[in-house]
Amino acid sequence: MPYALTNDNVRLYFEEVGSGTPILFLHEFAADHTNWEPQMRYFSRGHRCIAYSARGYRPSDVPPSADAYTYKHFYGDALAVLDHLRIERAHLVGLSMGSYSSLQIGLNAPHRALSMTLAGVGSGSDLDNLESFRAQCRATAEQFETLGSVKVAEVTREAPGRIPFLVKDPRGHADFYAALARHDAKGSANTMRGFQGGRPSIYTITEAIRNVATPALIICGDEDDNCVEPSLFLKRHLPAAGLTFFPKSGHVLNLEEPALFNEMVERFIALVEADRWPPRDPRSMAAG
């Protein structure tokens, strides 16, 4: 099995297919590398596509300590995969947790990102509710440890942002949560406690975000309430960002609407590669 090795000796399982300009797919908390299969099959027709499972997600290693699951570890792991494959720069396509890591690469290693697709980004950023969000993350981590992944998946599948997936595609929704139920409980607990409950709110790094020149496509489901305002915020502050909302859609955008997701990302990447995705023209901005 192919693995990349991180700076702290964690093995990350990855799969790759195709040739051309590389695309690295970064998954969300409830997913793993397998949930990018519709994109791996589609984009590999013209690109070198790589999907990997984050630390804590089998068959990658599951470090025992939550201290090994900070947001810095996660974006560093994406770079470790690129380093292992000797890829200097790639298009980054992330969902939720993966979008946050993609943004952090844009902030801390912009020379490694050809572009950033930030889908379902920014949940848990609301400063007024930040402490309650972090408390919920700690509680969910304890549930993984005491009840196991099967029981937590039964609850998570009914989260508001997941319902649009259930309504439009019950079979896909069932498959998704059957996979979540098989996740390593300790890895999920550590990820929830360390990454989800410990990452800085995007609202606290506004000035840094304003300096990220990397072309960005922000995608949000219009029924993914926790990500609507963060998506609008990033559109306002990322200099070279475009924003699209998927109608009647929730959080799992690449699986809820795979054809639409692929179409939008393909168009974005094509425009970036043609040098036709510039920073916003100041003439288009309203005065005052």
# chains A, B, ... in the order shown; residues from 1 in each chain; ligands from 1
>>> select_by_dssp(residues="region 2-83 of chain A", states="strand (DSSP E or B)", output="number ranges by chain")
A: 3-5, 11-17, 22-26, 48-52
>>> closest_atom_pairs(of="region 61-97 of chain A", to="region 17-29 of chain A", cutoff="10 Å", atoms="only C-alpha atoms", output="JSON lines")
{"residue": "A:Phe74", "atom": "CA", "partner": "A:Leu26", "partner_atom": "CA", "distance": 9.8}
{"residue": "A:Tyr75", "atom": "CA", "partner": "A:Leu26", "partner_atom": "CA", "distance": 9.5}
{"residue": "A:Ala78", "atom": "CA", "partner": "A:Leu26", "partner_atom": "CA", "distance": 7.7}
{"residue": "A:Leu79", "atom": "CA", "partner": "A:Leu24", "partner_atom": "CA", "distance": 9.8}
{"residue": "A:Val81", "atom": "CA", "partner": "A:Leu24", "partner_atom": "CA", "distance": 8.9}
{"residue": "A:Leu82", "atom": "CA", "partner": "A:Leu24", "partner_atom": "CA", "distance": 8.2}
{"residue": "A:Ile87", "atom": "CA", "partner": "A:Pro22", "partner_atom": "CA", "distance": 7.7}
{"residue": "A:Glu88", "atom": "CA", "partner": "A:Pro22", "partner_atom": "CA", "distance": 9.5}
{"residue": "A:Arg89", "atom": "CA", "partner": "A:Pro22", "partner_atom": "CA", "distance": 7.6}
{"residue": "A:Ala90", "atom": "CA", "partner": "A:Pro22", "partner_atom": "CA", "distance": 5.0}
{"residue": "A:His91", "atom": "CA", "partner": "A:Ile23", "partner_atom": "CA", "distance": 4.6}
{"residue": "A:Leu92", "atom": "CA", "partner": "A:Leu24", "partner_atom": "CA", "distance": 5.1}
{"residue": "A:Val93", "atom": "CA", "partner": "A:Phe25", "partner_atom": "CA", "distance": 4.8}
{"residue": "A:Gly94", "atom": "CA", "partner": "A:Leu26", "partner_atom": "CA", "distance": 4.6}
{"residue": "A:Leu95", "atom": "CA", "partner": "A:Glu28", "partner_atom": "CA", "distance": 5.3}
{"residue": "A:Ser96", "atom": "CA", "partner": "A:Glu28", "partner_atom": "CA", "distance": 5.1}
{"residue": "A:Met97", "atom": "CA", "partner": "A:Glu28", "partner_atom": "CA", "distance": 4.6}
>>> residues_around(residues="Asn35 (chain A)", least_positions_apart="4", cutoff="10 Å", atoms="only C-alpha atoms", output="PyMOL selection string")
chain A and resi 25-28+30-31+39-40+51+53+176+179+252+254-255
>>> write_last_selection(atoms="all heavy atoms", output="mmCIF file, in the first residue's frame")
data_model
loop_
_atom_site.group_PDB
_atom_site.id
_atom_site.type_symbol
_atom_site.label_atom_id
_atom_site.label_comp_id
_atom_site.auth_asym_id
_atom_site.auth_seq_id
_atom_site.Cartn_x
_atom_site.Cartn_y
_atom_site.Cartn_z
ATOM 1 N N PHE A 25 -6.869 16.167 -3.286
ATOM 2 C CA PHE A 25 -8.185 16.221 -2.657
ATOM 3 C C PHE A 25 -8.027 16.016 -1.143
ATOM 4 O O PHE A 25 -7.389 15.063 -0.699
ATOM 5 C CB PHE A 25 -9.101 15.146 -3.238
ATOM 6 C CG PHE A 25 -9.444 15.361 -4.686
ATOM 7 C CD1 PHE A 25 -8.724 14.721 -5.693
ATOM 8 C CD2 PHE A 25 -10.467 16.218 -5.052
ATOM 9 C CE1 PHE A 25 -9.025 14.919 -7.027
ATOM 10 C CE2 PHE A 25 -10.783 16.433 -6.388
ATOM 11 C CZ PHE A 25 -10.058 15.779 -7.381
ATOM 12 N N LEU A 26 -8.654 16.915 -0.363
ATOM 13 C CA LEU A 26 -8.559 16.895 1.099
ATOM 14 C C LEU A 26 -9.959 16.712 1.677
ATOM 15 O O LEU A 26 -10.842 17.559 1.467
ATOM 16 C CB LEU A 26 -7.937 18.190 1.629
ATOM 17 C CG LEU A 26 -6.492 18.490 1.223
ATOM 18 C CD1 LEU A 26 -6.435 19.157 -0.164
ATOM 19 C CD2 LEU A 26 -5.843 19.444 2.231
ATOM 20 N N HIS A 27 -10.180 15.632 2.410
ATOM 21 C CA HIS A 27 -11.531 15.245 2.823
ATOM 22 C C HIS A 27 -11.997 15.945 4.097
ATOM 23 O O HIS A 27 -11.229 16.571 4.818
ATOM 24 C CB HIS A 27 -11.625 13.728 2.978
ATOM 25 C CG HIS A 27 -10.788 13.148 4.087
ATOM 26 N ND1 HIS A 27 -11.151 13.201 5.417
ATOM 27 C CD2 HIS A 27 -9.609 12.458 4.061
ATOM 28 C CE1 HIS A 27 -10.255 12.587 6.168
ATOM 29 N NE2 HIS A 27 -9.297 12.131 5.371
ATOM 30 N N GLU A 28 -13.283 15.796 4.366
ATOM 31 C CA GLU A 28 -13.904 16.384 5.562
ATOM 32 C C GLU A 28 -13.809 15.421 6.745
ATOM 33 O O GLU A 28 -13.342 14.282 6.611
ATOM 34 C CB GLU A 28 -15.369 16.726 5.281
ATOM 35 C CG GLU A 28 -16.266 15.540 5.002
ATOM 36 C CD GLU A 28 -17.673 15.716 5.560
ATOM 37 O OE1 GLU A 28 -17.807 16.183 6.706
ATOM 38 O OE2 GLU A 28 -18.635 15.362 4.842
ATOM 39 N N ALA A 30 -16.115 13.703 8.447
ATOM 40 C CA ALA A 30 -16.897 12.470 8.394
ATOM 41 C C ALA A 30 -16.531 11.566 7.223
ATOM 42 O O ALA A 30 -17.126 10.509 7.054
ATOM 43 C CB ALA A 30 -18.390 12.799 8.333
ATOM 44 N N ALA A 31 -15.538 11.976 6.427
ATOM 45 C CA ALA A 31 -15.182 11.240 5.221
ATOM 46 C C ALA A 31 -13.787 10.636 5.351
ATOM 47 O O ALA A 31 -13.191 10.605 6.423
ATOM 48 C CB ALA A 31 -15.273 12.168 4.007
ATOM 49 N N GLN A 39 -14.798 12.335 -7.973
ATOM 50 C CA GLN A 39 -13.887 13.343 -8.513
ATOM 51 C C GLN A 39 -12.615 12.693 -9.066
ATOM 52 O O GLN A 39 -12.089 13.128 -10.096
ATOM 53 C CB GLN A 39 -13.537 14.368 -7.428
ATOM 54 C CG GLN A 39 -14.662 15.330 -7.099
ATOM 55 C CD GLN A 39 -15.861 14.692 -6.423
ATOM 56 O OE1 GLN A 39 -15.697 13.946 -5.450
ATOM 57 N NE2 GLN A 39 -17.056 14.970 -6.923
ATOM 58 N N MET A 40 -12.121 11.668 -8.398
ATOM 59 C CA MET A 40 -10.936 10.965 -8.897
ATOM 60 C C MET A 40 -11.202 10.395 -10.294
ATOM 61 O O MET A 40 -10.349 10.476 -11.196
ATOM 62 C CB MET A 40 -10.538 9.854 -7.932
ATOM 63 C CG MET A 40 -10.035 10.327 -6.578
ATOM 64 S SD MET A 40 -8.356 10.988 -6.619
ATOM 65 C CE MET A 40 -7.412 9.442 -6.609
ATOM 66 N N ALA A 51 -5.751 11.468 -3.750
ATOM 67 C CA ALA A 51 -6.604 11.552 -2.562
ATOM 68 C C ALA A 51 -5.931 10.759 -1.450
ATOM 69 O O ALA A 51 -5.394 9.672 -1.701
ATOM 70 C CB ALA A 51 -8.000 10.994 -2.840
ATOM 71 N N SER A 53 -6.019 9.703 2.982
ATOM 72 C CA SER A 53 -6.733 9.700 4.256
ATOM 73 C C SER A 53 -5.877 10.409 5.296
ATOM 74 O O SER A 53 -4.690 10.098 5.456
ATOM 75 C CB SER A 53 -7.032 8.266 4.719
ATOM 76 O OG SER A 53 -8.163 7.753 4.046
ATOM 77 N N PHE A 176 -22.645 6.713 2.829
ATOM 78 C CA PHE A 176 -21.713 7.641 3.466
ATOM 79 C C PHE A 176 -21.610 7.367 4.957
ATOM 80 O O PHE A 176 -20.515 7.289 5.524
ATOM 81 C CB PHE A 176 -22.185 9.073 3.213
ATOM 82 C CG PHE A 176 -21.250 10.136 3.737
ATOM 83 C CD1 PHE A 176 -20.208 10.611 2.969
ATOM 84 C CD2 PHE A 176 -21.425 10.674 5.005
ATOM 85 C CE1 PHE A 176 -19.353 11.589 3.439
ATOM 86 C CE2 PHE A 176 -20.583 11.651 5.488
ATOM 87 C CZ PHE A 176 -19.538 12.122 4.703
ATOM 88 N N ALA A 179 -19.948 4.134 6.004
ATOM 89 C CA ALA A 179 -18.487 4.276 6.001
ATOM 90 C C ALA A 179 -18.010 4.984 7.266
ATOM 91 O O ALA A 179 -17.004 4.588 7.874
ATOM 92 C CB ALA A 179 -18.032 5.037 4.757
ATOM 93 N N VAL A 252 -22.319 18.028 2.209
ATOM 94 C CA VAL A 252 -21.515 17.020 1.503
ATOM 95 C C VAL A 252 -21.599 17.274 -0.004
ATOM 96 O O VAL A 252 -22.094 16.458 -0.778
ATOM 97 C CB VAL A 252 -21.979 15.592 1.852
ATOM 98 C CG1 VAL A 252 -20.925 14.569 1.444
ATOM 99 C CG2 VAL A 252 -22.269 15.459 3.337
ATOM 100 N N ASN A 254 -19.664 17.424 -2.724
ATOM 101 C CA ASN A 254 -19.093 16.625 -3.819
ATOM 102 C C ASN A 254 -19.859 15.328 -4.051
ATOM 103 O O ASN A 254 -19.775 14.739 -5.132
ATOM 104 C CB ASN A 254 -17.619 16.325 -3.554
ATOM 105 C CG ASN A 254 -17.396 15.371 -2.397
ATOM 106 O OD1 ASN A 254 -17.866 15.629 -1.283
ATOM 107 N ND2 ASN A 254 -16.701 14.278 -2.636
ATOM 108 N N LEU A 255 -20.614 14.873 -3.041
ATOM 109 C CA LEU A 255 -21.418 13.660 -3.187
ATOM 110 C C LEU A 255 -22.894 13.972 -3.398
ATOM 111 O O LEU A 255 -23.596 13.213 -4.076
ATOM 112 C CB LEU A 255 -21.248 12.760 -1.959
ATOM 113 C CG LEU A 255 -19.828 12.250 -1.700
ATOM 114 C CD1 LEU A 255 -19.807 11.375 -0.453
ATOM 115 C CD2 LEU A 255 -19.284 11.482 -2.897
#
>>> residues_around(residues="Ser231 (chain A)", least_positions_apart="3", cutoff="8 Å", atoms="only C-alpha atoms", output="number ranges by chain")
A: 120-122, 218-220, 227-228, 234-235, 243
>>> select_by_dssp(residues="region 82-225 of chain A", states="helix (DSSP H, G or I)", output="number ranges by chain")
A: 82-84, 97-108, 110-112, 127-147, 149-156, 160-168, 170-180, 185-196, 202-204, 206-210, 225
>>> residues_around(residues="Trp277 (chain A)", least_positions_apart="4", cutoff="7 Å", atoms="only C-alpha atoms", output="ChimeraX atom specification")
/A:215,271-272
>>> closest_residue(among="A:Asp184, A:Glu223, A:Asp281, A:Glu256", to="Ala159 (chain A)", atoms="only C-alpha atoms")
A:Glu223
>>> residues_around(residues="region 125-131 of chain A", least_positions_apart="3", cutoff="10 Å", atoms="only C-alpha atoms", output="mmCIF file with C-alpha atoms, in the first residue's frame")
data_model
loop_
_atom_site.group_PDB
_atom_site.id
_atom_site.type_symbol
_atom_site.label_atom_id
_atom_site.label_comp_id
_atom_site.auth_asym_id
_atom_site.auth_seq_id
_atom_site.Cartn_x
_atom_site.Cartn_y
_atom_site.Cartn_z
ATOM 1 C CA VAL A 121 -15.776 25.934 4.664
ATOM 2 C CA GLY A 122 -15.834 27.731 8.007
ATOM 3 C CA ARG A 134 -15.565 23.714 21.117
ATOM 4 C CA ALA A 135 -17.417 22.231 24.074
ATOM 5 C CA GLN A 136 -19.568 20.252 21.651
ATOM 6 C CA CYS A 137 -16.420 19.013 19.900
ATOM 7 C CA GLY A 197 -12.139 21.873 18.592
ATOM 8 C CA ARG A 199 -8.456 25.387 15.163
ATOM 9 C CA PRO A 200 -8.610 29.195 15.117
ATOM 10 C CA SER A 201 -11.771 30.815 13.802
ATOM 11 C CA ILE A 202 -11.300 32.234 10.321
ATOM 12 C CA TYR A 203 -12.653 35.526 11.682
ATOM 13 C CA THR A 204 -9.533 35.912 13.838
ATOM 14 C CA ASN A 226 -23.076 27.075 9.465
ATOM 15 C CA CYS A 227 -21.024 27.771 6.340
ATOM 16 C CA GLU A 229 -21.614 33.487 6.549
ATOM 17 C CA PRO A 230 -18.022 32.162 6.575
#
>>> closest_residue(among="A:Ala113, A:Ile209, A:Met285, A:Met264", to="Phe233 (chain A)", atoms="only C-alpha atoms")
A:Ile209
>>> closest_residue(among="A:Ala178, A:Val62, A:Ile205, A:Leu118", to="Tyr13 (chain A)", atoms="only C-alpha atoms")
A:Val62
>>> residues_around(residues="Gly56 (chain A)", least_positions_apart="5", cutoff="7 Å", atoms="only C-alpha atoms", output="ChimeraX atom specification")
/A:61-63,187-188,191
>>> atom_distance(atom1="CA of Glu16 (chain A)", atom2="CA of Leu85 (chain A)")
9.9 Å
>>> atom_distance(atom1="CA of Gly148 (chain A)", atom2="CA of Asp77 (chain A)")
25.6 Å
>>> closest_residue(among="A:Glu37, A:Glu266, A:Asp8, A:Asp275", to="His73 (chain A)", atoms="only C-alpha atoms")
A:Asp8
>>> decode(residues="region 25-38 of chain A", atoms="N, CA and C atoms", output="short mmCIF file (atom, residue, chain, number, x, y, z; two decimals), in the first residue's frame")
data_model
loop_
_atom_site.label_atom_id
_atom_site.label_comp_id
_atom_site.auth_asym_id
_atom_site.auth_seq_id
_atom_site.Cartn_x
_atom_site.Cartn_y
_atom_site.Cartn_z
N PHE A 25 -6.87 16.17 -3.29
CA PHE A 25 -8.19 16.22 -2.66
C PHE A 25 -8.03 16.02 -1.14
N LEU A 26 -8.65 16.91 -0.36
CA LEU A 26 -8.56 16.90 1.10
C LEU A 26 -9.96 16.71 1.68
N HIS A 27 -10.18 15.63 2.41
CA HIS A 27 -11.53 15.24 2.82
C HIS A 27 -12.00 15.94 4.10
N GLU A 28 -13.28 15.80 4.37
CA GLU A 28 -13.90 16.38 5.56
C GLU A 28 -13.81 15.42 6.75
N PHE A 29 -14.32 15.88 7.92
CA PHE A 29 -14.23 15.07 9.14
C PHE A 29 -14.92 13.73 9.00
N ALA A 30 -16.12 13.70 8.45
CA ALA A 30 -16.90 12.47 8.39
C ALA A 30 -16.53 11.57 7.22
N ALA A 31 -15.54 11.98 6.43
CA ALA A 31 -15.18 11.24 5.22
C ALA A 31 -13.79 10.64 5.35
N ASP A 32 -13.27 10.15 4.23
CA ASP A 32 -11.87 9.72 4.10
C ASP A 32 -11.55 9.78 2.61
N HIS A 33 -10.44 9.18 2.21
CA HIS A 33 -10.03 9.32 0.81
C HIS A 33 -11.05 8.73 -0.16
N THR A 34 -11.83 7.75 0.27
CA THR A 34 -12.74 7.07 -0.65
C THR A 34 -13.89 7.97 -1.09
N ASN A 35 -14.20 8.99 -0.33
CA ASN A 35 -15.34 9.84 -0.66
C ASN A 35 -15.07 10.80 -1.81
N TRP A 36 -13.82 10.81 -2.30
CA TRP A 36 -13.50 11.61 -3.49
C TRP A 36 -13.56 10.78 -4.76
N GLU A 37 -14.08 9.57 -4.69
CA GLU A 37 -14.07 8.69 -5.87
C GLU A 37 -14.75 9.32 -7.09
N PRO A 38 -15.91 9.99 -6.95
CA PRO A 38 -16.51 10.61 -8.15
C PRO A 38 -15.60 11.65 -8.79
#
